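Peer 1: Just dropping this structure here.
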Amino acid sequence: MAEIGKGVTAGKLAINVQKKFTRAQEKVLQKLGKADETRDAAFEETVGSFNKQMVEGAKLQKDLKAYLLSVKTMHDASRRLQECLAEMYDPEWFGKEEVDSMVEDTDANWTDYYEKLTDESLVSLDTYLSQFPDIKARLAKRERKMVDFDSARHHFASIQKGKKKDEAKIAKAEEELGRAQKVFEELNVELQDELPVLWESRVGVYVNTFQNLASNQEKFHRDMGKLSQNLNDVMTKLDEQRLDKKNGSASVKPEEASSSEGANHSVAGDSQPANAVTNGDGDLPEGFLYKVKVLHDYAATDGDELELKTGDMVLVMAFDSPDEQDDGWLVGVKESHWLQHKDISIKGVFPENFTQKV
């Protein structure tokens with residue numbers, strides 16, 4: 001016999017064509033009401049649930065992929081914006097090293113966010129959905145085998161009712177019926193066992209997908225919030241640096257020589273107030289390290305903290321014990337209190353980044 005295609009002979013092709021014809025004929029008879037049809041209402045309901053589950057899963061996969069694409073797009077936009085900041089940030093500006101570090105940390109945070117969403121949410125969803133094509137194909141096969149079973153059943157019944165009893169034909173028809181019934185029932189039982197289990201599994205998949213999504217979102221936004229706050233602090237101090245330079249250049253006028261007056265004039269305010277504690281070498285009272293100016297209001301949240309207002313001057317001193325000092329915190333006395341009382345008993349701690357050394 002000549003080969004029709006790889007692994008398909010003319011004989012096999014003829015058998016397949018005959019099967020399709022027989023099935024089509026059986027379906028027509030069933031639709032016309034001339035042949036009864038095997039029905040299983042409970043199974044059909046299960047198939048309806050399967051189709052619903054498959055559609056919902058595919059939509060979730062599509063929307064999650066769209067979300068991840070948006071995250072990648074935002075990452076790319078964020079990277080370009082951060083790189084722009086780093087490139088234009090002059091080395092002598094306040095916080096140059098901090099800005100470079102924040103640019104790297106921001107990029108790493110976006111990368112980690114995207115990778116974790118992919119690994120922990122999308123991959124598990126893809127694995128879950130990979131089951132559906134095989135089950136869908138087996139459901140279609142069950143449908144065909146059910147039609148074959150109905151056709152064999154009707155064929156056997158028609159031969160038995162014939163006027164002439166042909167025992168050989170009856171035996172052959174009965175054998176074909178038994179074979180068709182066995183194939184159909186084996187496949188039917190498998191699907192009856194698997195479909196309810198698959199239906200129940202969707203809850204765990206949805207929980208896993210959205211729990212991981214929520215957890216990674218929370219971590220990403222928390223870390224990004226810290227980076228944004230740090231960047232805001234650096235920008236605030238950079239602006240203060242700019243204003244200090246502007247005010248400094250405006251407070252000193254060039255000397256004006258006048259032949260008629262024979263005197264030099266300077267702008268008032270170049271000298272320290274008479275009652276100020278100076279910050280020159282050896283000028284601070286014993287026990288103080290240096291002086292700082294408060295840049296932002298600070299509301300004390302504990303009894304050992306100083307309440308600060310913008311413009312306050314604070315005399316910084318050493319901690320009684322190094323173990324008492326937390327990173328980013330100083331201890332000292334307000335200059336106004338020291339000048340009035342010469343008493344360090346009302347000292348307190350305060351955040352260093354709210355001040356600037358003078």
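Letters for chains follow the order of the structure tokens (A, B, ...), residue numbers begin at 1 for each chain, and ligand numbers begin at 1 in the order shown.
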Which parts of segment 65-312 of chain A does DSSP call strand (DSSP E or B) when run on the backbone here, written out as a ChimeraX atom specification?

Peer 2: /A:288-294,298,305,308

Peer 1: Between A:Lys237, A:Lys165, A:Lys309, A:Lys334, which residue has the minimum interatomic distance to Gly95 of chain A, considering only C-alpha atoms?

Peer 2: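 Checking each candidate against Gly95 of chain A, we get A:Lys237 as the closest.
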
Peer 1: To one decimal place, how far is atom CA of His155 of chain A from atom CA of Glu176 of chain A in Å?

Peer 2: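 Calculated distance between atom CA of His155 of chain A and atom CA of Glu176 of chain A is 9.5 Å.
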
Peer 1: Taking only segment 46-277 of chain A into account, list the residues labelled alpha helix (DSSP H) by DSSP (computed from the backbone), as a PyMOL selection string.

Peer 2: chain A and resi 46-88+96-117+123-129+132-160+167-250

Peer 1: Which residue gives the smallest distance to Glu200 of chain A among A:Ser215, A:Ser49, A:Asn353, A:Ser345, with only C-alpha atoms counted?

Peer 2: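 The closest residue to Glu200 of chain A is A:Ser49.
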
Peer 1: Of the candidates A:Asp233, A:Glu286, A:Glu92, A:Asp320, which shows the shortest atom-to-atom distance to Thr355 of chain A, using only C-alpha atoms?

Peer 2: A:Asp233

Peer 1: If you count only C-alpha atoms, which residues fall within 9 Å of segment 101-114 of chain A, apart from same-chain ones fewer than 5 positions away, as a PDB file with N, CA and C atoms, in the first residue's frame?

Peer 2:
ATOM      1  N   LEU A  68       2.974  43.528  33.756  1.00  0.00           N
ATOM      2  CA  LEU A  68       4.427  43.387  33.781  1.00  0.00           C
ATOM      3  C   LEU A  68       5.079  44.223  32.691  1.00  0.00           C
ATOM      4  N   VAL A  71       5.209  47.653  34.017  1.00  0.00           N
ATOM      5  CA  VAL A  71       6.292  47.780  35.000  1.00  0.00           C
ATOM      6  C   VAL A  71       7.633  47.953  34.286  1.00  0.00           C
ATOM      7  N   LYS A  72       7.861  47.170  33.245  1.00  0.00           N
ATOM      8  CA  LYS A  72       9.108  47.268  32.485  1.00  0.00           C
ATOM      9  C   LYS A  72       9.225  48.633  31.813  1.00  0.00           C
ATOM     10  N   MET A  74       7.795  51.448  32.843  1.00  0.00           N
ATOM     11  CA  MET A  74       8.066  52.416  33.907  1.00  0.00           C
ATOM     12  C   MET A  74       9.508  52.324  34.384  1.00  0.00           C
ATOM     13  N   HIS A  75      10.038  51.105  34.441  1.00  0.00           N
ATOM     14  CA  HIS A  75      11.438  50.916  34.831  1.00  0.00           C
ATOM     15  C   HIS A  75      12.356  51.626  33.846  1.00  0.00           C
ATOM     16  N   ASP A  76      12.111  51.430  32.567  1.00  0.00           N
ATOM     17  CA  ASP A  76      12.941  52.074  31.545  1.00  0.00           C
ATOM     18  C   ASP A  76      12.851  53.593  31.649  1.00  0.00           C
ATOM     19  N   SER A  78      12.032  55.349  34.326  1.00  0.00           N
ATOM     20  CA  SER A  78      12.676  55.745  35.579  1.00  0.00           C
ATOM     21  C   SER A  78      14.197  55.750  35.437  1.00  0.00           C
ATOM     22  N   ARG A  79      14.733  54.727  34.764  1.00  0.00           N
ATOM     23  CA  ARG A  79      16.176  54.650  34.582  1.00  0.00           C
ATOM     24  C   ARG A  79      16.707  55.847  33.788  1.00  0.00           C
ATOM     25  N   GLN A  82      16.529  58.967  36.021  1.00  0.00           N
ATOM     26  CA  GLN A  82      17.562  58.955  37.071  1.00  0.00           C
ATOM     27  C   GLN A  82      18.954  59.185  36.487  1.00  0.00           C
ATOM     28  N   GLU A  83      19.224  58.576  35.331  1.00  0.00           N
ATOM     29  CA  GLU A  83      20.520  58.785  34.677  1.00  0.00           C
ATOM     30  C   GLU A  83      20.695  60.241  34.262  1.00  0.00           C
ATOM     31  N   LEU A  85      19.439  62.810  35.842  1.00  0.00           N
ATOM     32  CA  LEU A  85      19.766  63.529  37.078  1.00  0.00           C
ATOM     33  C   LEU A  85      21.232  63.359  37.437  1.00  0.00           C
ATOM     34  N   ALA A  86      21.725  62.129  37.375  1.00  0.00           N
ATOM     35  CA  ALA A  86      23.113  61.861  37.750  1.00  0.00           C
ATOM     36  C   ALA A  86      24.095  62.571  36.820  1.00  0.00           C
ATOM     37  N   LYS A  96      26.295  64.754  46.047  1.00  0.00           N
ATOM     38  CA  LYS A  96      26.580  64.105  44.761  1.00  0.00           C
ATOM     39  C   LYS A  96      26.695  62.589  44.913  1.00  0.00           C
ATOM     40  N   ASP A 119       8.692  35.661  38.401  1.00  0.00           N
ATOM     41  CA  ASP A 119       8.994  34.333  38.945  1.00  0.00           C
ATOM     42  C   ASP A 119       7.893  33.816  39.868  1.00  0.00           C
ATOM     43  N   ASN A 216       4.969  41.768  46.895  1.00  0.00           N
ATOM     44  CA  ASN A 216       6.043  42.427  46.147  1.00  0.00           C
ATOM     45  C   ASN A 216       5.743  43.898  45.892  1.00  0.00           C
ATOM     46  N   GLN A 217       4.475  44.227  45.685  1.00  0.00           N
ATOM     47  CA  GLN A 217       4.099  45.633  45.532  1.00  0.00           C
ATOM     48  C   GLN A 217       4.390  46.412  46.808  1.00  0.00           C
ATOM     49  N   LYS A 219       6.540  45.759  49.229  1.00  0.00           N
ATOM     50  CA  LYS A 219       7.983  45.923  49.437  1.00  0.00           C
ATOM     51  C   LYS A 219       8.560  46.951  48.474  1.00  0.00           C
ATOM     52  N   PHE A 220       8.141  46.873  47.208  1.00  0.00           N
ATOM     53  CA  PHE A 220       8.661  47.798  46.205  1.00  0.00           C
ATOM     54  C   PHE A 220       8.329  49.238  46.565  1.00  0.00           C
ATOM     55  N   ASP A 223      10.298  50.466  49.728  1.00  0.00           N
ATOM     56  CA  ASP A 223      11.693  50.800  49.416  1.00  0.00           C
ATOM     57  C   ASP A 223      11.785  52.041  48.545  1.00  0.00           C
ATOM     58  N   MET A 224      10.847  52.158  47.590  1.00  0.00           N
ATOM     59  CA  MET A 224      10.866  53.325  46.721  1.00  0.00           C
ATOM     60  C   MET A 224      10.515  54.590  47.507  1.00  0.00           C
ATOM     61  N   LEU A 227      13.674  55.780  49.196  1.00  0.00           N
ATOM     62  CA  LEU A 227      14.563  56.407  48.218  1.00  0.00           C
ATOM     63  C   LEU A 227      14.044  57.787  47.819  1.00  0.00           C
ATOM     64  N   SER A 228      12.738  57.908  47.673  1.00  0.00           N
ATOM     65  CA  SER A 228      12.142  59.194  47.294  1.00  0.00           C
ATOM     66  C   SER A 228      12.319  60.219  48.408  1.00  0.00           C
ATOM     67  N   ASN A 230      14.744  60.221  50.641  1.00  0.00           N
ATOM     68  CA  ASN A 230      16.162  60.592  50.647  1.00  0.00           C
ATOM     69  C   ASN A 230      16.473  61.587  49.538  1.00  0.00           C
ATOM     70  N   LEU A 231      15.895  61.349  48.356  1.00  0.00           N
ATOM     71  CA  LEU A 231      16.130  62.269  47.241  1.00  0.00           C
ATOM     72  C   LEU A 231      15.535  63.637  47.546  1.00  0.00           C
TER      73      LEU A 231
END

Peer 1: Measuring between only C-alpha atoms, which one of A:Lys65, A:Arg80, A:Lys52, A:Lys169 shows the shortest distance to Phe132 of chain A?

Peer 2: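 Residue with the minimum atom-to-atom distance to Phe132 of chain A: A:Lys52.
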
Peer 1: What's the 10 Å shell around Glu120 of chain A, counting only C-alpha atoms, without same-chain residues fewer than 2 positions away, as number ranges by chain?

Peer 2: A: 115-118, 122-125, 208-213, 216

Peer 1: Deliver the residues from the most recent selection as a file, using all heavy atoms, as a compact mmCIF listing (two decimals), in the first residue's frame.

Peer 2:
# COMPACT_ATOMS: atom_id res chain seq x y z
N GLU A 115 11.46 41.08 38.33
CA GLU A 115 11.86 39.67 38.33
C GLU A 115 11.04 38.85 39.32
O GLU A 115 10.65 37.71 39.01
CB GLU A 115 13.35 39.56 38.67
CG GLU A 115 14.25 40.08 37.54
CD GLU A 115 15.73 40.01 37.90
OE1 GLU A 115 16.04 39.73 39.09
OE2 GLU A 115 16.56 40.24 37.01
N LYS A 116 10.75 39.41 40.48
CA LYS A 116 9.97 38.65 41.47
C LYS A 116 8.52 38.47 41.03
O LYS A 116 7.93 37.41 41.26
CB LYS A 116 10.04 39.35 42.83
CG LYS A 116 11.37 39.14 43.54
CD LYS A 116 11.36 39.67 44.95
CE LYS A 116 12.65 39.31 45.67
NZ LYS A 116 12.68 39.83 47.05
N LEU A 117 7.95 39.50 40.41
CA LEU A 117 6.59 39.35 39.89
C LEU A 117 6.53 38.26 38.83
O LEU A 117 5.59 37.46 38.78
CB LEU A 117 6.10 40.67 39.29
CG LEU A 117 5.70 41.78 40.27
CD1 LEU A 117 5.24 43.01 39.50
CD2 LEU A 117 4.59 41.32 41.21
N THR A 118 7.55 38.23 37.97
CA THR A 118 7.58 37.22 36.91
C THR A 118 7.73 35.82 37.49
O THR A 118 6.99 34.90 37.13
CB THR A 118 8.75 37.51 35.94
OG1 THR A 118 8.57 38.82 35.36
CG2 THR A 118 8.79 36.48 34.82
N LEU A 122 3.70 35.13 37.55
CA LEU A 122 3.42 34.75 36.16
C LEU A 122 3.80 33.31 35.87
O LEU A 122 3.05 32.58 35.21
CB LEU A 122 4.15 35.70 35.21
CG LEU A 122 3.88 35.46 33.72
CD1 LEU A 122 2.39 35.62 33.41
CD2 LEU A 122 4.70 36.41 32.86
N VAL A 123 4.97 32.87 36.33
CA VAL A 123 5.43 31.52 36.02
C VAL A 123 4.48 30.47 36.59
O VAL A 123 4.12 29.50 35.91
CB VAL A 123 6.86 31.30 36.55
CG1 VAL A 123 7.26 29.83 36.41
CG2 VAL A 123 7.86 32.17 35.79
N SER A 124 4.03 30.67 37.82
CA SER A 124 3.11 29.70 38.42
C SER A 124 1.76 29.71 37.70
O SER A 124 1.12 28.67 37.53
CB SER A 124 2.91 30.02 39.90
OG SER A 124 2.36 31.31 40.08
N LEU A 125 1.34 30.88 37.23
CA LEU A 125 0.09 30.97 36.47
C LEU A 125 0.22 30.26 35.12
O LEU A 125 -0.70 29.56 34.67
CB LEU A 125 -0.30 32.43 36.27
CG LEU A 125 -1.62 32.70 35.54
CD1 LEU A 125 -2.79 32.09 36.30
CD2 LEU A 125 -1.83 34.20 35.35
N ASN A 208 -2.25 32.43 45.42
CA ASN A 208 -0.80 32.52 45.24
C ASN A 208 -0.42 33.70 44.35
O ASN A 208 0.51 34.45 44.66
CB ASN A 208 -0.29 31.22 44.63
CG ASN A 208 1.20 31.24 44.37
OD1 ASN A 208 2.01 31.19 45.28
ND2 ASN A 208 1.58 31.31 43.09
N THR A 209 -1.16 33.87 43.26
CA THR A 209 -0.84 34.94 42.31
C THR A 209 -0.97 36.31 42.95
O THR A 209 -0.05 37.15 42.86
CB THR A 209 -1.78 34.85 41.09
OG1 THR A 209 -1.59 33.60 40.43
CG2 THR A 209 -1.49 35.98 40.10
N PHE A 210 -2.09 36.55 43.63
CA PHE A 210 -2.33 37.90 44.14
C PHE A 210 -1.65 38.16 45.49
O PHE A 210 -1.33 39.31 45.81
CB PHE A 210 -3.84 38.16 44.23
CG PHE A 210 -4.46 38.42 42.88
CD1 PHE A 210 -5.11 37.40 42.19
CD2 PHE A 210 -4.37 39.66 42.29
CE1 PHE A 210 -5.66 37.63 40.94
CE2 PHE A 210 -4.91 39.90 41.04
CZ PHE A 210 -5.56 38.88 40.35
N GLN A 211 -1.40 37.11 46.25
CA GLN A 211 -0.61 37.31 47.48
C GLN A 211 0.82 37.72 47.13
O GLN A 211 1.37 38.64 47.74
CB GLN A 211 -0.60 36.02 48.32
CG GLN A 211 -1.71 35.95 49.35
CD GLN A 211 -1.51 34.82 50.34
OE1 GLN A 211 -0.75 33.88 50.10
NE2 GLN A 211 -2.21 34.87 51.45
N ASN A 212 1.41 37.01 46.19
CA ASN A 212 2.76 37.37 45.76
C ASN A 212 2.79 38.76 45.14
O ASN A 212 3.73 39.53 45.36
CB ASN A 212 3.29 36.34 44.76
CG ASN A 212 3.64 35.02 45.42
OD1 ASN A 212 4.02 34.97 46.59
ND2 ASN A 212 3.49 33.92 44.70
N LEU A 213 1.77 39.07 44.36
CA LEU A 213 1.70 40.39 43.74
C LEU A 213 1.62 41.47 44.81
O LEU A 213 2.37 42.46 44.77
CB LEU A 213 0.47 40.46 42.83
CG LEU A 213 0.21 41.79 42.12
CD1 LEU A 213 1.34 42.13 41.17
CD2 LEU A 213 -1.11 41.75 41.37
N ASN A 216 4.97 41.77 46.89
CA ASN A 216 6.04 42.43 46.15
C ASN A 216 5.74 43.90 45.89
O ASN A 216 6.66 44.73 45.89
CB ASN A 216 6.28 41.70 44.83
CG ASN A 216 7.00 40.38 45.01
OD1 ASN A 216 8.04 40.30 45.67
ND2 ASN A 216 6.46 39.31 44.45

Peer 1: What is the atom CA of Met313 of chain A-atom CA of Gln356 of chain A distance in Å, reported with one decimal?

Peer 2: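 Between these atoms lies a distance of 9.7 Å.
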
Peer 1: List as a list in words the protein and nucleic acid residues near Phe354 of chain A, meaning an atom at most 7 Å away when only C-alpha atoms are counted, but skip any in the same chain fewer than 2 places from it.

Peer 2: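 Listing them by chain and then by number gives Val294, Leu295, His296, Pro351 and Glu352 of chain A.
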
Peer 1: Which is closest to Leu129 of chain A among A:Ser321, A:Gln61, A:Thr236, A:Thr38, if we use only C-alpha atoms?

Peer 2: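 Closest candidate: A:Gln61.
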
Peer 1: Find the residue from A:Gly303, A:Gly311, A:Gly204, A:Gly225 that sits nearest to Lys347 of chain A; use only C-alpha atoms when measuring.

Peer 2: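 Under the stated criterion, the closest residue is A:Gly303.
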